[in-house]
Amino acid sequence: MARVGCGVFAGFRVLGQFSGHVPHVLRYHGRHREFYLATAVGRSVHTYNVKKLGIVAVSNALPQDITCLAADRMLIFASYDNVLHAFARNKEVVHTYEGHKARIHLLQPFGDHVISVDVDNVLIVWDTQSEEQYLEVGFDKATFAVSAVLHPSTYLNKILLGSEQGSLQLWNIRSNKLLYSFPGWHFAVTALEQAPAVDVVAVGLVSGHIIIHNIKFDETLMKFQQDWGPITAISFRTDGHPVMAAGSPIGHIALWDLEEKKLMCQMQDAHSTAIAGMSFVPGEPLLITNGADNAIQVWIFDGPGGTGRVLRSRMGHSAPPTKIRYHGHNGEQILSAGQDGTLQSFSTVHEKFNKSLGRGSINKKKSKKKGLKLDTMALPPITVFASEVAHQSDWDGIVACHQGYITCTTWNYQKTSMGAHKLKPEEFSKHKPIDIYATAVDITSCGNFAVIGLSTGQVDVYNMQSGIHRGHYGEERAHEGAIRGVAVDGLNQLTITAGSEGLIKFWKFKTKDLVYSTDLPCVPSGILLHRDSGILGIAFDDFSISVLDIETRKIVRTFSGHHGRINDMTFSPDGRWLITSSMDCSIKTWDLPSGCLIDCFLVDSAAVSLTMSPTGDFLASAHVDDLGIYLWSNRSLYSLVSLRPLSADYVPSMVARPTTCPVEDVDVAGDEETCDEMIEYVSPEQLGLQLVTLSSLPESRWKNLLSLDIIKKKNKPREPPKVPKSAPFFIPTVSGLIPHYVTPREENDTQSKVVSLGVLAQKSDFFIHLEEALRTNEYTAPLNLLKSLGPSNIEIELRCLAPEGGGSTEVMLSFLRMIGMMLNKKYNFELAQAYLALFLKLHLQILSSEPNLLEEVSRVSTQLEETWIHLRTLFNQSLLKIEELRGKTCKCKVRVNGCKCLHLVQQPAQASDLKPLNTYGTLWKTPFLHWCVCACSENSRVAKLLVLS
């Protein structure tokens with residue numbers, strides 16, 4: 001039975017994935033005048049700009065992982081299995097080429113064509129636009145197994161093929177002819193690269209030799225050899241320095257001086273795995289490399305001796321993460337420990353904020369001298385760690401346990417390096433036991449102490465600043481079995497330990513005394529404490545979970561439903577949810593108040609670690625055999641999500657893990673109806689009967705209606721306007737900005753001092769609409785007309801409603817009914833207040849003398865008061881909810897006879913019924929008022945206070 005709608009978590013994006021074993025592709029964008037780098041990461045192609053190494057595009061995902069990559073001026077070609085795709089604009093698949101019977105392992109763009117070679121030794125030339133086969137050539141694997149392909153510069157319609165037998169062949173694709181066969185050097189060809197000189201190519205062999213060969217005269221110009229195995233990549237520097245770089249399977253880079261014909265320098269441990277791709281940026285001293293260790297590095301050659309240094313890099317774990325945890329309180333950094341032995345910090349904001357804290361080592365100085373490959377002092381991978389930010393700028397703030405190792409290491413997040421202390425019991429300071437190792441660790445919220453549990457059942461406390469041992473719990477050891485988890489509460493009062501013998505114990509943190517011990521229903525596999533709420537999550541070996549309250553020391557919730565070992569669990573920031581992951585590939589969300597399962601989904605690979613953001617917006621997960629850290633957005637923060645309990649027969653659905661780009665949240669319920677055209681939303685005139693709607697008019701149209709006389713007085717000119725000078729010959733003129741002559745008719749009009757009342761006697765449009773509304777009871781037309789007028793015109797219209805202004809009491813009654821209609825419908829609410837205020841100011845004397853008007857004013861006043869009471873109720877209820885969510889108590893601070901000890905009580909029927917409820921709680925009887933009473937017996941007076949005070 002599937003639940004209708006989406007789950008709580010939706011895939012957002014993945015962190016920490018940058019490169020794979022497929023060589024990268026370097027492209028130049030002519031319009032942008034910038035170089036771009038394309039790498040294959042899983043099923044997608046990532047595009048970076050070389051300037052800042054920032055990701056600019058992520059392609060759509062292919063059905064399977066990409067095994068081969070190439071690019072020309074317009075398209076990016078990517079293949080998986082026997083299918084070839086072409087991406088346009090770094091994103092969409094625009095062409096698909098199908099015809100190979102085996103997996104494609106070589107690609108070469110060739111003008112308007114692309115060449116692909118599969119493992120069955122079949123070469124196909126495709127037309128990029130029509131997707132048709134232009135040519136298909138089959139080779140005999142026994143005599144010529146194609147292992148490399150190159151289009152030599154200036155060689156029209158020709159390609160050079162290298163073989164596993166060591167020979168080379170030059171083919172004309174247009175005529176489908178073999179032009180020349182090179183005998184080779186009896187070693188398999190692994191790489192072909194065009195040299196800056198025409199007719200010259202570099203041939204990399206499996207023996208470690210590099211042959212600089214002139215294919216025009218079939219002549220070898222020079223030969224080099226490296227001692228690190230086969231040549232994996234070759235690139236030539238083109239900024240005026242005759243340098244060739246070669247990559248090796250163990251991650252070393254050799255730089256050869258082509259003029260001196262000798263090795264110039266070596267860059268050892270450039271990558272921890274084989275160099276997959278290598279390319280010099282044309283015309284610049286920059287070398288770009290990528291490898292299967294999930295790293296992209298840009299090297300710059302600006303130092304002495306010709307050696308390079310890392311200018312920019314993007315690197316993640318080269319082996320899958322084992323444990324991830326959010327670091328800090330802003331939810332922007334995730335600490336991750338990987339099977340490669342490194343501890344890294346990934347930023348959820350931008351990749352440029354990523355940090356690598358390095359790899360643990362017994363002696364860092366000796367390790368640097370030996371290098372990564374020969375480092376015998378490297379520590380095993382981190383299995384569990386704990387971090388705090390309280391004193392991370394003063395001393396180390398991270399403590400970690402290593403696999404099968406008794407010594408715990410400290411790490412410094414600010415310095416991005418391993419810390420100064422190695423924490424292990426004093427009795428093992430001279431020798432290192434083989435069968436004893438650290439299993440659990442926690443750090444106090446103040447960042448001063450670390451609590452470490454061992455496989456022998458011993459629990460020790462260390463000072464993080466000095467690394468000094470500060471004691472242990474129990475006479476000899478805390479538990480009979482191995483420690484499965486340790487936790488310290490937020491106030492450093494209690495230390496909680498769980499052992500494999502099935503006991504959980506509570507200790508006083510400072511005195512190390514045992515406070516309480518209880519049996520568990522099963523052997524625990526791990527514990528997790530939510531310090532703010534004091535609840536402890538316990539995972540058991542029988543795949544069940546229990547929640548224990550550390551105050552009452554009782555199990556308050558028990559959950560079952562997983563069908564595999566529980567790998568990790570995390571709490572939501574408010575402590576309402578417990579999220580667990582298991583080897584059955586499920587991620588479940590349990591609601592603690594209701595004790596029910598509210599969300600469950602499956603992933604294709606089991607999540608080995610989970611962590612929830614301190615801000616509650618993201619859930620992060622790390623999975624089996626996967627290098628990435630996946631972010632899942634909490635949909636309950638921005639959309640309506642059903643949190644109803646799932647039924648017993650609920651079948652979870654498989655959810656695809658997110659890609660590098662944020663995934664849009666698609667509503668599956670919207671698939672029933674589709675519309676080609678966008679429907680324009682029209683807002684209704686009134687949103688609800690319980691709400692009021694304001695007009696969209698600016699404040700200048702209604703806010704200053706009561707102050708028009710003051711505004712006119714302030715705007716009155718200080719001096720009266722001067723009469724303009726008479727025109728020549730004493731011709732009369734009309735005053736104005738531009739004086740003009742008066743015609744004889746205008747002259748007679750200006751000389752007349754009698755005011756014609758004909759214009760004033762005419763009825764205005766507003767007046768006529770109000771008269772019609774008395775019969776039709778429809779006031780929309782006069783209201784719309786009044787809304788279109790300015791403040792001065794509104795005042796004139798309202799003045800003319802009185803009998804002395806040419807109006808009548810019937811029209812004034814109609815205006816009051818219009819205001820009543822606006823209050824009744826609760827729209828244009830501020831206009832109703834402003835118009836009514838101005839009307840009362842102008843005609844208050846007339847309203848008091850007319851009984852019918854007075855009756856209507858009384859009715860409008862009652863209606864207005866009821867509306868304001870209703871609004872005030874809604875406002876106060878909202879304010880109370882906000883104060884309740886903030887957890888604040890009464891802030892009235894009223895002194896009764898100088899005393900401030902106030903208790904909140906319920907509103908009584910009489911003053912004698914006052915009974916204090918509690919000091920910190922808040923109980924409300926009415927929406928407006930609460931009561932405060934002094935706790936002192938001599939000051940038992942009651943003070944009635946407004947909520948807003």
# chains A, B, ... in the order shown; residues from 1 in each chain; ligands from 1
>>> residues_around(residues="A:Gln266", least_positions_apart="6", cutoff="8 Å", atoms="only C-alpha atoms", output="list in words")
His252, Ile253, Ala254, Leu255 and Thr307 of chain A
>>> write_last_selection(atoms="N, CA and C atoms", output="PDB file, in the first residue's frame")
ATOM      1  N   HIS A 252      52.568   9.384  -9.826  1.00  0.00           N
ATOM      2  CA  HIS A 252      53.708  10.285 -10.002  1.00  0.00           C
ATOM      3  C   HIS A 252      53.656  10.941 -11.385  1.00  0.00           C
ATOM      4  N   ILE A 253      54.266  12.125 -11.481  1.00  0.00           N
ATOM      5  CA  ILE A 253      54.363  12.858 -12.748  1.00  0.00           C
ATOM      6  C   ILE A 253      55.844  13.131 -13.015  1.00  0.00           C
ATOM      7  N   ALA A 254      56.291  12.821 -14.212  1.00  0.00           N
ATOM      8  CA  ALA A 254      57.661  13.091 -14.629  1.00  0.00           C
ATOM      9  C   ALA A 254      57.657  14.203 -15.670  1.00  0.00           C
ATOM     10  N   LEU A 255      58.567  15.156 -15.521  1.00  0.00           N
ATOM     11  CA  LEU A 255      58.711  16.275 -16.444  1.00  0.00           C
ATOM     12  C   LEU A 255      60.054  16.139 -17.162  1.00  0.00           C
ATOM     13  N   THR A 307      59.788  22.708 -11.291  1.00  0.00           N
ATOM     14  CA  THR A 307      58.767  21.914 -10.623  1.00  0.00           C
ATOM     15  C   THR A 307      57.478  22.720 -10.469  1.00  0.00           C
TER      16      THR A 307
END
>>> residues_around(residues="A:Ile538", least_positions_apart="5", cutoff="12 Å", atoms="only C-alpha atoms", output="MDAnalysis selection string")
chainID A and resid 484:487 496:499 502:504 520:530 543:550 555:560 566:571 578 580
>>> closest_residue(among="A:Ser356, A:Thr96, A:Thr67, A:Ser647", to="A:Leu343", atoms="only C-alpha atoms")
A:Ser356
>>> closest_residue(among="A:Ile212, A:Val50, A:Ala191, A:Leu263", to="A:Pro230", atoms="only C-alpha atoms")
A:Ala191
>>> residues_around(residues="A:Lys588", least_positions_apart="6", cutoff="10 Å", atoms="only C-alpha atoms", output="mmCIF file with C-alpha atoms, in the first residue's frame")
data_model
loop_
_atom_site.group_PDB
_atom_site.id
_atom_site.type_symbol
_atom_site.label_atom_id
_atom_site.label_comp_id
_atom_site.auth_asym_id
_atom_site.auth_seq_id
_atom_site.Cartn_x
_atom_site.Cartn_y
_atom_site.Cartn_z
ATOM 1 C CA GLY A 561 10.932 -2.607 11.475
ATOM 2 C CA HIS A 562 14.478 -2.746 10.088
ATOM 3 C CA MET A 569 20.995 7.248 13.473
ATOM 4 C CA TRP A 577 12.346 12.845 14.868
ATOM 5 C CA LEU A 578 14.774 9.949 15.018
ATOM 6 C CA ILE A 579 16.146 9.007 11.585
ATOM 7 C CA THR A 580 17.825 5.629 11.158
ATOM 8 C CA SER A 581 19.623 3.807 8.349
ATOM 9 C CA SER A 582 20.119 0.070 7.991
ATOM 10 C CA LEU A 597 6.932 5.683 11.630
ATOM 11 C CA ILE A 598 6.118 8.712 9.474
ATOM 12 C CA ASP A 599 8.514 8.279 6.545
ATOM 13 C CA CYS A 600 10.448 5.482 4.888
ATOM 14 C CA PHE A 601 12.247 5.168 1.568
ATOM 15 C CA LEU A 602 14.758 2.855 -0.058
ATOM 16 C CA PRO A 652 8.548 1.871 0.662
#
>>> closest_residue(among="A:Arg859, A:Leu123, A:Leu221, A:Gly30", to="A:Ile159", atoms="only C-alpha atoms")
A:Leu123
>>> residues_around(residues="A:Gly467", least_positions_apart="2", cutoff="10 Å", atoms="only C-alpha atoms", output="PyMOL selection string")
chain A and resi 396+410+420-424+448-450+461-465+469-470
>>> residues_around(residues="stretch 70-76 of chain A", least_positions_apart="5", cutoff="9 Å", atoms="only C-alpha atoms", output="number ranges by chain")
A: 23-29, 38, 45, 85-90, 106-111, 114
>>> write_last_selection(atoms="N, CA and C atoms", output="compact mmCIF listing (two decimals), in the first residue's frame")
# COMPACT_ATOMS: atom_id res chain seq x y z
N PRO A 23 39.69 9.83 -18.29
CA PRO A 23 40.48 11.06 -18.52
C PRO A 23 39.58 12.25 -18.81
N HIS A 24 40.01 13.42 -18.33
CA HIS A 24 39.23 14.64 -18.54
C HIS A 24 39.41 15.15 -19.97
N VAL A 25 38.60 16.16 -20.30
CA VAL A 25 38.67 16.79 -21.63
C VAL A 25 38.78 18.30 -21.42
N LEU A 26 39.72 18.92 -22.12
CA LEU A 26 39.92 20.36 -22.05
C LEU A 26 39.37 21.00 -23.32
N ARG A 27 38.51 22.02 -23.15
CA ARG A 27 37.87 22.70 -24.30
C ARG A 27 38.08 24.20 -24.18
N TYR A 28 38.07 24.86 -25.34
CA TYR A 28 38.18 26.32 -25.38
C TYR A 28 36.89 26.89 -25.95
N HIS A 29 36.32 27.83 -25.21
CA HIS A 29 35.09 28.49 -25.65
C HIS A 29 35.47 29.82 -26.30
N ALA A 38 36.02 19.26 -18.61
CA ALA A 38 34.90 18.32 -18.47
C ALA A 38 35.42 17.00 -17.92
N VAL A 45 28.31 14.31 -16.60
CA VAL A 45 29.51 15.04 -17.00
C VAL A 45 29.52 16.37 -16.27
N HIS A 85 26.66 8.79 -26.69
CA HIS A 85 25.77 9.95 -26.64
C HIS A 85 26.58 11.21 -26.87
N ALA A 86 25.88 12.25 -27.36
CA ALA A 86 26.47 13.57 -27.55
C ALA A 86 25.67 14.57 -26.76
N PHE A 87 26.37 15.37 -25.92
CA PHE A 87 25.74 16.40 -25.11
C PHE A 87 25.95 17.76 -25.78
N ALA A 88 24.89 18.56 -25.79
CA ALA A 88 24.98 19.94 -26.24
C ALA A 88 24.74 20.86 -25.06
N ARG A 89 25.43 22.02 -25.07
CA ARG A 89 25.32 23.00 -23.98
C ARG A 89 25.67 22.37 -22.63
N ASN A 90 26.55 21.38 -22.67
CA ASN A 90 27.05 20.71 -21.47
C ASN A 90 25.96 20.03 -20.67
N LEU A 106 37.40 3.65 -26.74
CA LEU A 106 38.18 4.75 -27.31
C LEU A 106 37.26 5.67 -28.09
N LEU A 107 37.48 6.99 -27.95
CA LEU A 107 36.72 8.00 -28.69
C LEU A 107 37.69 9.02 -29.25
N GLN A 108 37.38 9.52 -30.46
CA GLN A 108 38.20 10.56 -31.08
C GLN A 108 37.33 11.44 -31.97
N PRO A 109 37.08 12.70 -31.60
CA PRO A 109 36.37 13.61 -32.51
C PRO A 109 37.20 13.86 -33.76
N PHE A 110 36.49 14.01 -34.89
CA PHE A 110 37.19 14.08 -36.18
C PHE A 110 36.39 15.00 -37.10
N GLY A 111 36.54 16.32 -36.93
CA GLY A 111 35.78 17.27 -37.75
C GLY A 111 34.29 17.16 -37.49
N VAL A 114 32.81 11.58 -35.55
CA VAL A 114 33.41 11.09 -34.31
C VAL A 114 33.72 9.61 -34.51
>>> residues_around(residues="stretch 270-279 of chain A", least_positions_apart="6", cutoff="9 Å", atoms="only C-alpha atoms", output="VMD selection string")
chain A and resid 20 to 26 232 to 237 245 to 253 286 to 293 295 297 318 372 to 373
>>> write_last_selection(atoms="C-alpha atoms", output="PDB file, in the first residue's frame")
ATOM      1  CA  GLY A  20      36.706   9.351 -11.847  1.00  0.00           C
ATOM      2  CA  HIS A  21      38.994   7.004 -13.738  1.00  0.00           C
ATOM      3  CA  VAL A  22      37.980   8.505 -17.120  1.00  0.00           C
ATOM      4  CA  PRO A  23      40.478  11.062 -18.516  1.00  0.00           C
ATOM      5  CA  HIS A  24      39.226  14.643 -18.535  1.00  0.00           C
ATOM      6  CA  VAL A  25      38.669  16.787 -21.626  1.00  0.00           C
ATOM      7  CA  LEU A  26      39.918  20.363 -22.052  1.00  0.00           C
ATOM      8  CA  THR A 232      49.022   6.577 -18.638  1.00  0.00           C
ATOM      9  CA  ALA A 233      48.994  10.131 -20.072  1.00  0.00           C
ATOM     10  CA  ILE A 234      51.255  12.521 -21.995  1.00  0.00           C
ATOM     11  CA  SER A 235      51.061  16.295 -22.506  1.00  0.00           C
ATOM     12  CA  PHE A 236      53.326  18.988 -23.978  1.00  0.00           C
ATOM     13  CA  ARG A 237      53.877  22.476 -22.643  1.00  0.00           C
ATOM     14  CA  ALA A 245      54.877  15.655 -18.828  1.00  0.00           C
ATOM     15  CA  ALA A 246      54.071  11.967 -18.385  1.00  0.00           C
ATOM     16  CA  GLY A 247      51.783  10.232 -15.912  1.00  0.00           C
ATOM     17  CA  SER A 248      52.187   6.912 -14.151  1.00  0.00           C
ATOM     18  CA  PRO A 249      49.869   4.292 -12.565  1.00  0.00           C
ATOM     19  CA  ILE A 250      51.036   5.144  -9.027  1.00  0.00           C
ATOM     20  CA  GLY A 251      50.254   8.863  -9.225  1.00  0.00           C
ATOM     21  CA  HIS A 252      53.708  10.285 -10.002  1.00  0.00           C
ATOM     22  CA  ILE A 253      54.363  12.858 -12.748  1.00  0.00           C
ATOM     23  CA  LEU A 286      49.312  25.373 -16.187  1.00  0.00           C
ATOM     24  CA  LEU A 287      48.947  21.596 -16.056  1.00  0.00           C
ATOM     25  CA  ILE A 288      45.591  19.982 -15.309  1.00  0.00           C
ATOM     26  CA  THR A 289      45.480  16.442 -13.974  1.00  0.00           C
ATOM     27  CA  ASN A 290      42.731  14.155 -12.768  1.00  0.00           C
ATOM     28  CA  GLY A 291      42.642  10.640 -11.405  1.00  0.00           C
ATOM     29  CA  ALA A 292      40.494   7.918  -9.941  1.00  0.00           C
ATOM     30  CA  ASP A 293      41.259   9.303  -6.468  1.00  0.00           C
ATOM     31  CA  ALA A 295      40.720  14.752  -7.420  1.00  0.00           C
ATOM     32  CA  GLN A 297      44.389  19.566  -9.660  1.00  0.00           C
ATOM     33  CA  SER A 318      39.431   8.506  -2.727  1.00  0.00           C
ATOM     34  CA  LEU A 372      52.209   8.525   0.660  1.00  0.00           C
ATOM     35  CA  LYS A 373      53.209   5.279  -1.025  1.00  0.00           C
TER      36      LYS A 373
END
>>> select_by_dssp(residues="stretch 447-558 of chain A", states="strand (DSSP E)", output="ChimeraX atom specification")
/A:449-454,459-463,469-472,483-488,494-499,503-508,514-519,524-530,535-540,545-549,554-558
>>> write_last_selection(atoms="C-alpha atoms", output="short mmCIF file (atom, residue, chain, number, x, y, z; two decimals), in the first residue's frame")
data_model
loop_
_atom_site.label_atom_id
_atom_site.label_comp_id
_atom_site.auth_asym_id
_atom_site.auth_seq_id
_atom_site.Cartn_x
_atom_site.Cartn_y
_atom_site.Cartn_z
CA PHE A 449 37.22 16.91 27.74
CA ALA A 450 37.15 13.77 25.62
CA VAL A 451 35.63 10.49 26.82
CA ILE A 452 37.00 7.37 25.11
CA GLY A 453 35.76 3.79 25.41
CA LEU A 454 37.91 0.75 24.67
CA VAL A 459 36.32 4.32 29.70
CA ASP A 460 38.89 7.13 30.10
CA VAL A 461 38.65 10.90 30.28
CA TYR A 462 41.27 13.21 28.73
CA ASN A 463 41.81 16.95 28.70
CA HIS A 469 44.61 11.66 31.32
CA ARG A 470 41.96 12.76 33.86
CA GLY A 471 40.79 9.41 35.18
CA HIS A 472 38.54 6.52 34.25
CA ILE A 483 32.19 -0.34 24.97
CA ARG A 484 29.54 0.18 22.30
CA GLY A 485 28.91 3.87 22.97
CA VAL A 486 29.67 6.80 25.28
CA ALA A 487 27.83 10.10 25.68
CA VAL A 488 28.09 13.16 27.93
CA LEU A 494 26.31 12.65 33.53
CA THR A 495 28.35 10.26 31.43
CA ILE A 496 26.39 7.43 29.81
CA THR A 497 28.13 4.25 28.69
CA ALA A 498 26.77 1.14 26.95
CA GLY A 499 28.57 -2.20 26.94
CA LEU A 503 24.18 -2.94 30.37
CA ILE A 504 23.82 0.81 30.21
CA LYS A 505 25.32 2.84 33.04
CA PHE A 506 25.04 6.41 34.25
CA TRP A 507 28.11 7.97 35.87
CA LYS A 508 28.78 11.31 37.51
CA LEU A 514 28.25 5.12 39.33
CA VAL A 515 24.76 6.59 39.60
CA TYR A 516 22.52 4.04 37.91
CA SER A 517 22.80 0.83 35.94
CA THR A 518 20.12 -1.10 34.09
CA ASP A 519 19.85 -4.10 31.81
CA PRO A 524 23.41 -2.50 21.99
CA SER A 525 25.26 -1.71 18.81
CA GLY A 526 25.47 2.07 19.37
CA ILE A 527 23.99 5.02 21.21
CA LEU A 528 23.30 8.64 20.30
CA LEU A 529 22.38 11.45 22.73
CA HIS A 530 20.32 14.51 21.87
CA ILE A 535 16.84 11.71 25.04
CA LEU A 536 19.13 8.82 24.20
CA GLY A 537 18.73 6.66 21.10
CA ILE A 538 19.94 3.06 21.45
CA ALA A 539 20.37 0.72 18.47
CA PHE A 540 20.42 -3.02 19.17
CA ILE A 545 15.74 0.91 18.39
CA SER A 546 14.85 2.22 21.84
CA VAL A 547 14.63 5.77 23.11
CA LEU A 548 15.61 6.41 26.75
CA ASP A 549 14.94 9.51 28.84
CA LYS A 554 13.43 4.75 31.52
CA ILE A 555 12.83 3.57 27.96
CA VAL A 556 10.00 5.72 26.59
CA ARG A 557 9.84 4.47 22.99
CA THR A 558 10.71 1.25 21.17
#
>>> residues_around(residues="A:Thr611", least_positions_apart="3", cutoff="12 Å", atoms="only C-alpha atoms", output="ChimeraX atom specification")
/A:323-327,331,333-336,528,567-573,578-581,587,607-608,614-622,629-632
>>> write_last_selection(atoms="C-alpha atoms", output="tab-separated table (two decimals), in the first residue's frame")
chain	number	residue	atom	x	y	z
A	323	LYS	CA	31.33	8.44	9.24
A	324	ILE	CA	29.88	11.91	8.60
A	325	ARG	CA	28.77	14.55	11.10
A	326	TYR	CA	27.72	18.20	10.83
A	327	HIS	CA	30.29	20.54	12.38
A	331	GLY	CA	24.76	23.74	9.17
A	333	GLN	CA	30.16	22.22	7.16
A	334	ILE	CA	30.10	18.42	7.18
A	335	LEU	CA	33.06	16.50	8.61
A	336	SER	CA	33.69	13.22	6.83
A	528	LEU	CA	23.30	8.64	20.30
A	567	ASN	CA	24.39	1.53	10.63
A	568	ASP	CA	23.68	4.98	12.06
A	569	MET	CA	21.00	7.25	13.47
A	570	THR	CA	20.47	10.96	13.96
A	571	PHE	CA	18.00	13.25	15.70
A	572	SER	CA	16.26	16.28	14.23
A	573	PRO	CA	17.33	19.56	15.90
A	578	LEU	CA	14.77	9.95	15.02
A	579	ILE	CA	16.15	9.01	11.58
A	580	THR	CA	17.82	5.63	11.16
A	581	SER	CA	19.62	3.81	8.35
A	587	ILE	CA	16.11	5.18	5.71
A	607	ALA	CA	23.56	4.31	4.00
A	608	VAL	CA	26.50	3.74	6.36
A	614	PRO	CA	21.54	21.79	13.14
A	615	THR	CA	19.15	24.07	11.27
A	616	GLY	CA	16.94	21.16	10.23
A	617	ASP	CA	17.00	21.90	6.51
A	618	PHE	CA	19.08	18.96	5.26
A	619	LEU	CA	19.74	15.31	5.98
A	620	ALA	CA	23.17	14.07	4.83
A	621	SER	CA	23.97	10.43	4.08
A	622	ALA	CA	27.03	8.40	3.06
A	629	ILE	CA	27.87	12.71	0.52
A	630	TYR	CA	24.23	13.07	-0.42
A	631	LEU	CA	22.02	15.91	0.79
A	632	TRP	CA	18.26	15.40	1.22
